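A.B. asks: Next comes protein25.csv, CSV, C-alpha atoms and all ligand atoms:
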chain,number,residue,atom,x,y,z
R,248,MET,CA,128.2,130.4,105.8
R,249,SER,CA,126.6,131.4,109.0
R,250,ARG,CA,128.7,132.3,112.0
R,251,ALA,CA,129.3,129.8,114.8
R,252,LYS,CA,127.4,130.3,118.1
R,253,ILE,CA,129.5,130.2,121.2
R,254,SER,CA,127.7,130.2,124.6
R,255,LEU,CA,129.5,131.1,127.8
R,256,ILE,CA,127.8,129.7,130.9
R,257,GLY,CA,128.9,132.0,133.7
R,258,GLY,CA,129.8,135.5,132.9
R,259,GLY,CA,132.1,136.3,135.8
R,260,GLN,CA,135.9,136.9,135.6
R,261,ILE,CA,136.7,134.1,133.3
R,262,GLY,CA,133.4,134.4,131.3
R,263,GLY,CA,134.0,138.0,130.6
R,264,ASN,CA,137.5,137.3,129.3
R,265,LEU,CA,136.3,134.4,127.2
R,266,ALA,CA,133.8,136.7,125.5
R,267,LEU,CA,136.6,139.2,124.7
R,268,LEU,CA,139.0,136.6,123.4
R,269,ALA,CA,136.3,134.8,121.3
R,270,ALA,CA,135.2,138.1,119.8
R,271,GLN,CA,138.8,139.2,119.0
R,272,LYS,CA,139.5,135.9,117.3
R,273,GLU,CA,136.2,136.2,115.4
R,274,LEU,CA,135.2,132.7,116.5
R,275,GLY,CA,131.5,133.5,116.0
R,276,ASP,CA,128.6,135.2,117.8
R,277,ILE,CA,128.7,135.0,121.5
R,278,LYS,CA,126.1,134.7,124.2
R,279,ILE,CA,127.1,135.3,127.8
R,280,PHE,CA,124.7,133.5,130.1
R,281,ASP,CA,124.4,134.0,133.9
R,282,ILE,CA,121.8,133.7,136.6
R,283,PRO,CA,119.0,136.3,136.6
R,284,ASN,CA,120.6,138.2,139.5
R,285,ALA,CA,123.7,138.7,137.2
R,286,GLU,CA,121.8,139.5,134.0
R,287,GLY,CA,122.6,143.2,134.1
R,288,MET,CA,126.3,142.4,134.6
R,289,VAL,CA,126.5,140.1,131.5
R,290,LYS,CA,124.4,142.4,129.4
R,291,GLY,CA,126.8,145.2,130.4
R,292,LYS,CA,129.9,143.2,129.6
R,293,ALA,CA,128.4,142.2,126.2
R,294,LEU,CA,127.7,145.9,125.4
R,295,ASP,CA,131.1,147.0,126.5
R,296,ILE,CA,132.8,144.4,124.1
R,297,MET,CA,130.4,145.4,121.3
R,298,GLN,CA,131.7,149.0,121.7
R,299,LEU,CA,135.3,147.9,121.6
R,300,ARG,CA,135.0,146.2,118.2
R,301,PRO,CA,135.4,149.2,116.0
R,302,HIS,CA,139.1,149.6,117.0
R,303,ASP,CA,140.2,146.3,115.5
R,304,GLY,CA,137.2,145.9,113.2
R,305,PHE,CA,136.2,142.4,114.3
R,306,ASP,CA,132.7,141.3,113.5
R,307,ALA,CA,130.9,139.4,116.2
R,308,ASP,CA,127.6,139.8,117.9
R,309,ILE,CA,127.8,139.7,121.7
R,310,THR,CA,124.8,139.5,123.9
R,311,GLY,CA,124.2,138.8,127.6
R,312,THR,CA,121.2,136.8,128.7
R,313,SER,CA,119.8,134.7,131.5
R,314,ASP,CA,117.3,132.8,129.3
R,315,TRP,CA,118.4,129.4,128.2
R,316,ASN,CA,116.2,129.6,125.1
R,317,ASP,CA,118.6,132.2,123.7
R,318,LEU,CA,121.3,129.5,123.6
R,319,LYS,CA,119.4,127.2,121.3
R,320,GLY,CA,121.6,125.6,118.6
R,321,SER,CA,124.9,126.7,120.1
R,322,ASP,CA,128.0,125.0,118.6
R,323,VAL,CA,130.2,125.3,121.7
R,324,PHE,CA,129.6,125.9,125.4
R,325,ILE,CA,132.3,127.0,127.8
R,326,VAL,CA,131.1,126.5,131.4
R,327,THR,CA,132.6,128.5,134.2
R,328,ALA,CA,129.4,128.6,136.3
R,329,GLY,CA,129.9,128.1,140.0
R,330,ILE,CA,130.7,129.7,143.2
R,331,PRO,CA,134.2,130.3,144.5
R,332,ARG,CA,135.3,128.8,147.9
R,333,LYS,CA,134.4,131.2,150.6
R,334,PRO,CA,136.0,131.5,154.1
R,335,GLY,CA,134.7,128.7,156.4
R,336,MET,CA,133.6,126.5,153.5
R,337,ASN,CA,135.4,123.2,153.1
R,338,ARG,CA,136.1,121.3,149.8
R,339,GLU,CA,133.0,119.1,150.2
R,340,ASP,CA,130.7,122.1,150.7
R,341,LEU,CA,132.1,123.7,147.5
R,342,LEU,CA,131.7,120.5,145.6
R,343,ASP,CA,128.1,120.0,146.7
R,344,ILE,CA,127.1,123.5,145.6
R,345,ASN,CA,129.0,123.4,142.3
R,346,LEU,CA,127.7,119.9,141.6
R,347,GLY,CA,124.1,121.2,141.9
R,348,ILE,CA,124.9,124.0,139.5
R,349,MET,CA,126.6,121.6,137.0
R,350,LYS,CA,123.7,119.2,137.0
R,351,ASP,CA,121.3,122.1,136.3
R,352,VAL,CA,123.7,123.4,133.5
R,353,ALA,CA,124.0,119.9,132.0
R,354,SER,CA,120.2,119.3,131.8
R,355,ASN,CA,119.7,122.7,130.2
R,356,ILE,CA,122.5,122.4,127.6
R,357,LYS,CA,121.1,119.0,126.7
R,358,LYS,CA,117.7,120.6,126.0
R,359,VAL,CA,119.0,123.6,123.9
R,360,ALA,CA,121.9,122.1,122.1
R,361,PRO,CA,122.2,118.3,122.4
R,362,ASN,CA,125.0,118.0,119.7
R,363,SER,CA,127.3,120.8,121.0
R,364,PHE,CA,130.9,120.6,122.2
R,365,VAL,CA,131.2,121.4,125.8
R,366,ILE,CA,134.3,122.6,127.6
R,367,ILE,CA,134.1,122.6,131.4
R,368,VAL,CA,136.2,125.0,133.4
R,369,SER,CA,134.4,125.1,136.8
R,370,ASN,CA,136.3,123.7,139.8
R,371,PRO,CA,136.8,121.2,141.2
R,372,LEU,CA,137.5,120.4,137.5
R,373,ASP,CA,138.0,116.7,137.6
R,374,ALA,CA,134.6,116.2,139.4
R,375,MET,CA,132.7,118.8,137.4
R,376,VAL,CA,133.6,117.4,134.0
R,377,TYR,CA,132.6,113.9,135.1
R,378,ALA,CA,129.4,115.2,136.6
R,379,PHE,CA,128.5,117.0,133.3
R,380,TYR,CA,129.2,113.9,131.3
R,381,LYS,CA,127.1,111.6,133.6
R,382,THR,CA,124.2,114.0,133.8
R,383,SER,CA,124.0,115.1,130.2
R,384,GLY,CA,124.6,111.7,128.6
R,385,PHE,CA,126.6,113.4,125.9
R,386,LYS,CA,129.0,111.4,123.8
R,387,LYS,CA,132.4,111.2,125.4
R,388,ASN,CA,134.2,113.1,122.6
R,389,MET,CA,131.9,116.1,123.0
R,390,VAL,CA,132.8,116.7,126.7
R,391,VAL,CA,136.2,117.9,127.8
R,392,GLY,CA,137.7,119.6,130.8
R,393,MET,CA,140.1,122.6,130.6
R,394,ALA,CA,143.1,121.9,132.9
R,395,GLY,CA,146.2,120.6,131.2
R,396,ALA,CA,146.1,123.5,128.7
R,397,LEU,CA,146.5,125.9,131.5
R,398,ASP,CA,148.9,123.9,133.6
R,399,SER,CA,151.1,123.4,130.6
R,400,ALA,CA,151.0,127.1,129.7
R,401,ARG,CA,152.0,127.9,133.3
R,402,PHE,CA,154.9,125.5,133.2
R,403,ARG,CA,156.1,126.8,129.8
R,404,ALA,CA,155.9,130.4,131.0
R,405,PHE,CA,158.0,129.6,134.1
R,406,ILE,CA,160.6,127.8,131.9
R,407,ALA,CA,160.8,130.8,129.6
R,408,MET,CA,161.2,133.1,132.5
R,409,GLU,CA,164.0,130.9,133.9
R,410,VAL,CA,165.9,130.5,130.7
R,411,GLY,CA,165.3,134.0,129.3
R,412,CYS,CA,164.0,132.7,126.0
R,413,SER,CA,160.8,133.2,124.0
R,414,VAL,CA,157.9,131.4,125.5
R,415,GLN,CA,156.8,130.5,122.0
R,416,ASP,CA,159.7,128.0,121.7
R,417,VAL,CA,159.0,126.2,125.0
R,418,THR,CA,157.0,123.0,124.6
R,419,CYS,CA,156.0,120.8,127.5
R,420,MET,CA,152.8,119.0,128.5
R,421,VAL,CA,151.4,118.6,132.0
R,422,LEU,CA,149.1,115.5,132.4
R,423,GLY,CA,146.9,114.2,135.1
R,424,GLY,CA,144.4,115.8,137.4
R,425,HIS,CA,144.0,119.6,137.9
R,426,GLY,CA,145.5,119.7,141.4
R,427,ASP,CA,148.7,119.3,143.3
R,428,THR,CA,149.2,115.8,141.9
R,429,MET,CA,149.5,117.0,138.2
R,430,VAL,CA,152.3,115.4,136.2
R,431,PRO,CA,154.6,117.7,134.2
R,432,ILE,CA,156.3,115.5,131.6
R,433,THR,CA,159.6,117.4,131.8
R,434,ARG,CA,161.5,114.5,130.0
R,435,LEU,CA,159.8,115.4,126.8
R,436,GLY,CA,159.8,119.2,127.1
R,437,THR,CA,162.0,121.2,124.7
R,438,ILE,CA,163.2,124.7,124.1
R,439,GLY,CA,163.4,125.1,120.4
R,440,GLY,CA,163.8,121.3,120.1
R,441,VAL,CA,166.6,121.2,122.7
R,442,PRO,CA,165.6,119.0,125.7
R,443,ILE,CA,164.7,121.2,128.7
R,444,GLU,CA,166.5,118.8,131.0
R,445,THR,CA,169.8,119.7,129.3
R,446,LEU,CA,169.2,123.5,129.7
R,447,VAL,CA,167.7,123.7,133.2
R,448,PRO,CA,169.5,122.0,136.2
R,449,PRO,CA,167.5,119.4,138.1
R,450,ASP,CA,167.2,121.5,141.3
R,451,ARG,CA,165.8,124.5,139.3
R,452,LEU,CA,163.5,122.2,137.3
R,453,GLU,CA,162.1,120.9,140.6
R,454,VAL,CA,161.4,124.4,141.8
R,455,ILE,CA,159.6,125.2,138.5
R,456,VAL,CA,157.6,122.0,138.7
R,457,ASN,CA,156.5,122.8,142.2
R,458,ARG,CA,155.6,126.4,141.3
R,459,THR,CA,153.5,125.0,138.4
R,460,ARG,CA,151.6,122.6,140.8
R,461,PHE,CA,150.7,125.6,143.1
R,462,ALA,CA,150.4,128.3,140.4
R,463,GLY,CA,146.7,128.7,140.8
R,464,GLY,CA,147.1,129.1,144.6
R,465,GLU,CA,149.9,131.6,144.1
R,466,ILE,CA,147.5,133.9,142.2
R,467,VAL,CA,144.6,133.3,144.7
R,468,LYS,CA,147.0,134.4,147.5
R,469,LEU,CA,148.0,137.6,145.6
R,470,PHE,CA,144.4,138.5,144.8
R,471,GLY,CA,143.1,137.8,148.2
R,472,ASN,CA,139.7,137.3,146.7
R,473,GLY,CA,139.1,135.4,143.5
R,474,SER,CA,141.2,133.2,141.2
R,475,ALA,CA,143.1,133.5,138.0
R,476,PHE,CA,141.2,134.4,134.9
R,477,TYR,CA,143.3,135.7,132.0
R,478,ALA,CA,145.3,132.5,131.4
R,479,PRO,CA,142.4,130.1,132.1
R,480,ALA,CA,140.3,132.0,129.6
R,481,GLN,CA,142.9,131.9,126.9
R,482,SER,CA,143.4,128.2,127.5
R,483,ALA,CA,139.7,127.4,127.0
R,484,ILE,CA,139.5,129.6,123.9
R,485,GLU,CA,142.4,127.6,122.3
R,486,MET,CA,140.3,124.4,122.8
R,487,ALA,CA,137.1,126.1,121.4
R,488,GLU,CA,139.0,127.4,118.4
R,489,SER,CA,140.6,124.0,117.6
R,490,PHE,CA,137.0,122.6,117.5
R,491,LEU,CA,135.4,125.4,115.6
R,492,ARG,CA,138.1,125.7,113.0
R,493,ASP,CA,138.9,122.0,112.9
R,494,LYS,CA,142.5,122.7,113.6
R,495,LYS,CA,143.2,119.3,115.1
R,496,ARG,CA,145.5,120.8,117.7
R,497,VAL,CA,147.0,118.5,120.3
R,498,ILE,CA,146.3,120.0,123.7
R,499,PRO,CA,146.5,118.4,127.1
R,500,CYS,CA,142.8,118.2,128.3
R,501,ALA,CA,140.7,116.3,130.7
R,502,SER,CA,139.3,113.7,128.3
R,503,LEU,CA,137.5,110.5,129.1
R,504,CYS,CA,140.0,107.6,129.1
R,505,GLU,CA,138.8,104.2,128.3
R,506,GLY,CA,141.9,102.2,128.5
R,507,GLU,CA,144.4,104.9,127.4
R,508,PHE,CA,147.4,105.1,129.7
R,509,GLY,CA,145.8,102.2,131.6
R,510,ILE,CA,143.0,104.5,132.9
R,511,GLU,CA,139.4,103.2,132.7
R,512,GLY,CA,136.3,105.5,133.0
R,513,TYR,CA,137.8,108.7,134.3
R,514,PHE,CA,138.4,112.2,132.8
R,515,ILE,CA,142.0,113.0,133.2
R,516,GLY,CA,144.5,115.3,131.5
R,517,VAL,CA,145.9,113.5,128.5
R,518,PRO,CA,147.2,114.8,125.1
R,519,SER,CA,143.9,115.2,123.1
R,520,LEU,CA,143.5,116.0,119.4
R,521,ILE,CA,140.6,118.4,119.1
R,522,GLY,CA,138.9,118.9,115.7
R,523,LYS,CA,135.4,119.2,114.4
R,524,GLY,CA,134.5,115.9,115.9
R,525,GLY,CA,135.4,117.2,119.4
R,526,VAL,CA,138.1,115.1,121.1
R,527,GLU,CA,138.9,113.0,118.1
R,528,LYS,CA,141.8,111.1,119.5
R,529,ILE,CA,143.9,110.7,122.6
R,530,LEU,CA,147.5,110.4,121.8
R,531,GLU,CA,149.1,107.7,123.9
R,532,PHE,CA,152.8,107.2,124.4
R,533,GLU,CA,155.1,105.1,126.6
R,534,LEU,CA,155.5,106.6,130.1
R,535,SER,CA,158.6,106.1,132.2
R,536,ASN,CA,158.2,104.2,135.5
R,537,ASN,CA,158.3,107.4,137.5
R,538,GLU,CA,155.7,109.1,135.3
R,539,LYS,CA,153.5,106.0,135.5
R,540,SER,CA,153.5,106.1,139.3
R,541,ALA,CA,152.9,109.8,139.3
R,542,LEU,CA,150.0,109.3,137.0
R,543,ASN,CA,148.6,106.6,139.3
R,544,SER,CA,148.8,109.0,142.3
R,545,THR,CA,147.0,111.7,140.3
R,546,LEU,CA,144.4,109.1,139.3
R,547,ASP,CA,143.8,108.3,142.9
R,548,ALA,CA,143.1,111.9,143.6
R,549,VAL,CA,140.7,112.1,140.6
R,550,LYS,CA,138.9,108.9,141.8
R,551,GLN,CA,138.5,110.4,145.2
R,552,THR,CA,136.9,113.7,144.0
R,553,VAL,CA,134.7,111.8,141.5
R,554,LYS,CA,133.5,109.5,144.3
R,555,GLU,CA,132.4,112.5,146.2
R,556,THR,CA,129.9,113.4,143.4
R,557,LYS,CA,128.1,110.0,144.1
R,558,LEU,CA,127.4,109.7,140.3
I,1,LIG,N1,124.2,129.3,135.9
I,1,LIG,C1,125.0,130.2,135.3
I,1,LIG,N2,126.0,130.9,135.9
I,1,LIG,C2,126.1,130.7,137.2
I,1,LIG,C3,125.3,129.8,137.9
I,1,LIG,C4,124.3,129.0,137.2
I,1,LIG,N3,123.6,128.1,137.8
I,1,LIG,N4,125.7,129.8,139.2
I,1,LIG,C5,126.7,130.8,139.3
I,1,LIG,N5,126.9,131.3,138.1
I,1,LIG,C6,127.8,132.3,137.7
I,1,LIG,C7,128.0,133.4,138.8
I,1,LIG,O1,126.9,134.3,138.9
I,1,LIG,C8,129.3,134.1,138.3
I,1,LIG,O2,129.0,135.2,137.5
I,1,LIG,O3,129.1,131.9,137.5
I,1,LIG,C9,130.0,133.0,137.5
I,1,LIG,C10,131.4,132.6,138.1
I,1,LIG,O4,132.2,133.7,137.9
I,1,LIG,P1,133.3,134.1,139.0
I,1,LIG,O5,132.8,133.9,140.4
I,1,LIG,O6,133.9,135.4,138.6
I,1,LIG,O7,134.4,133.0,138.9
I,1,LIG,P2,135.6,132.8,137.8
I,1,LIG,O8,136.8,133.5,138.3
I,1,LIG,O9,135.1,133.3,136.4
I,1,LIG,O10,135.8,131.3,137.8
I,1,LIG,C11,134.8,130.4,137.4
I,1,LIG,O11,136.3,128.5,136.9
I,1,LIG,O12,138.5,128.2,137.2
I,1,LIG,C12,137.3,128.0,137.7
I,1,LIG,O13,137.7,127.9,140.1
I,1,LIG,C13,137.1,128.6,139.1
I,1,LIG,O14,135.1,127.4,139.5
I,1,LIG,C14,135.6,128.7,139.1
I,1,LIG,C15,135.2,128.9,137.7
Would it be possible to restate this file's structure as C-alpha cells?

C.D. replies:
Amino acid sequence: MSRAKISLIGGGQIGGNLALLAAQKELGDIKIFDIPNAEGMVKGKALDIMQLRPHDGFDADITGTSDWNDLKGSDVFIVTAGIPRKPGMNREDLLDINLGIMKDVASNIKKVAPNSFVIIVSNPLDAMVYAFYKTSGFKKNMVVGMAGALDSARFRAFIAMEVGCSVQDVTCMVLGGHGDTMVPITRLGTIGGVPIETLVPPDRLEVIVNRTRFAGGEIVKLFGNGSAFYAPAQSAIEMAESFLRDKKRVIPCASLCEGEFGIEGYFIGVPSLIGKGGVEKILEFELSNNEKSALNSTLDAVKQTVKETKL
C-alpha cells in the first residue's frame, strides 16, 4: 500500500508544526508548500524534520516546494496560507488580502487534486472556508474548517487546570463561529463522566468560558507578534488523521450546514464525524433555548463575515 500524500499550503508557524506532527504520526509523505520567496524556508524546515526522524524511527518523506505540480494527487491539504494582521490594517483589509490568497489556493488545489479532503485553517476562518468551498466547487463533505477542535481543546485545557484533573478526562464541545461569539456547550461537558456544572461553580465556569472565547487573543498579546501555532496544528492534524485512517472521530468543525441546527448554507462549528468520506455526518442534537439564541448570534457574525467575501 502506498503512503498517503499530505500537502501543507503555507509553511509558516502552523505549517511547520503540522509537518512535524504529521511526520511523527506517520500519516504519510508530506509536502510543505509556500510562495517562491519562502521556498528556502520550507525546504529548510523539511530537511530539518527529515534529520529528526532517526531518533524515533518514523518513516515519512518530507519536502518543501513552491511548485503546485509537486502536489499532484495529494489526499489531504491543510491550508494555513495567508498574512497575519499588521498594525494599521483593519479586518476588511485582512479579509481582502487573504481572500485573494484563498481563491488562488482553491483554483490550484482543484487543478492538482480535485478529489482531496481540504482542511482550512487560515483566518478569518468562517469566511475563508466558505470562500474555498465557493471557489473550488468541491463537494461539501470534502471541505472543512478547523476551529471547534481548537476552541474545544482550549476549553478542556482550562477546565483541567481549574479542577486539577487529567485533561484526558475532560470532554466538552465548543460550537459556532471561530470568534468571540463561539458557543461552549458546558451543559454537556463532563469530567470522567461527571457533569462539569456539578464540579465547577457557575462564576468560575463563566470566567473559563470567557477565557476560551479570547484564548487566541491572549496568546497574540503574549507573543506581541504572531498567533498561536502548537495547539492549532495539533487540532488540524487530528482532523487529517481521522480522514486518512477512517477513524470516524466526532470533532467540532466548521462544516457546511444544510438544515442542521436550523442553519442553511453556512459553514459553522458543529459536531462532525470525519472518516474516509470526509465529513460523513453532522451529529445534531436538541439545544436548550439559551444555546439556540447563542448559536443564532454566532450565525449572525458568520453571515456578516461571509457577506464581506461577496461570494
Ligand atoms: N500560497 C502559499 N502560502 C502562502 C501564500 C500563498 N499564496 N501567501 C502567504 N503564504 C504563506 C506565508 O508565506 C507564510 O509562510 O503562509 C504562511 C503563513 O504563515 P505564518 O505567517 O507563520 O502564519 P501562521 O501562524 O502559520 O498562521 C497561519 O492560520 O490560524 C491562522 O490566523 C492564522 O491566518 C493565519 C494562518

A.B. asks: Between R:Lys290, R:Lys278, R:Arg332, R:Lys528, single out the one closest to ligand LIG 1 (chain I), counting only C-alpha atoms and all ligand atoms.

C.D. replies: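 Nearest to ligand LIG 1 (chain I): R:Arg332.
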
A.B. asks: Compute the set of protein, DNA and RNA residues whose minimum atom distance to ligand LIG 1 (chain I) is at most 9 Å, using only C-alpha atoms and all ligand atoms, and state it as an MDAnalysis selection string.

C.D. replies: chainID R and resid 255:264 280:286 288:289 313 326:332 345 347:352 367:372 393:394 463 473:476 479:480

A.B. asks: One decimal, in Å: what's the spacing between CA of Ile366 in chain R and CA of Met389 in chain R?

C.D. replies: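 If I compute the distance from CA of Ile366 in chain R to CA of Met389 in chain R, I get 8.3 Å.
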
A.B. asks: What's the 10 Å shell around Asn457 in chain R, counting all atoms listed in the file, without same-chain residues fewer than 6 positions away, as a PDB file with C-alpha atoms, in the frame of the given file?

C.D. replies:
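The result, written out as part29.pdb:
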ATOM      1  CA  PHE R 402     154.900 125.500 133.200  1.00  0.00           C
ATOM      2  CA  ASP R 427     148.700 119.300 143.300  1.00  0.00           C
ATOM      3  CA  MET R 429     149.500 117.000 138.200  1.00  0.00           C
ATOM      4  CA  PRO R 431     154.600 117.700 134.200  1.00  0.00           C
ATOM      5  CA  ARG R 451     165.800 124.500 139.300  1.00  0.00           C
TER       6      ARG R 451
END

A.B. asks: Using all atoms listed in the file, can you tell me which of R:Leu469, R:Thr382, R:Val517, R:Ile484 comes closest to Ala270 in chain R?

C.D. replies: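 Once distances to Ala270 in chain R are computed over all atoms listed in the file, the minimum belongs to R:Ile484.
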
A.B. asks: Would you mind telling me which residue in R:Arg434, R:His302, R:Arg401, R:Lys494 lies nearest to Leu446 in chain R when using all atoms listed in the file?

C.D. replies: R:Arg434

A.B. asks: Please provide the set of residues having any atom within 8 Å of Glu555 in chain R, restricted to all atoms listed in the file, with same-chain residues fewer than 3 positions apart removed, written as an MDAnalysis selection string.

C.D. replies: chainID R and resid 339 551:552
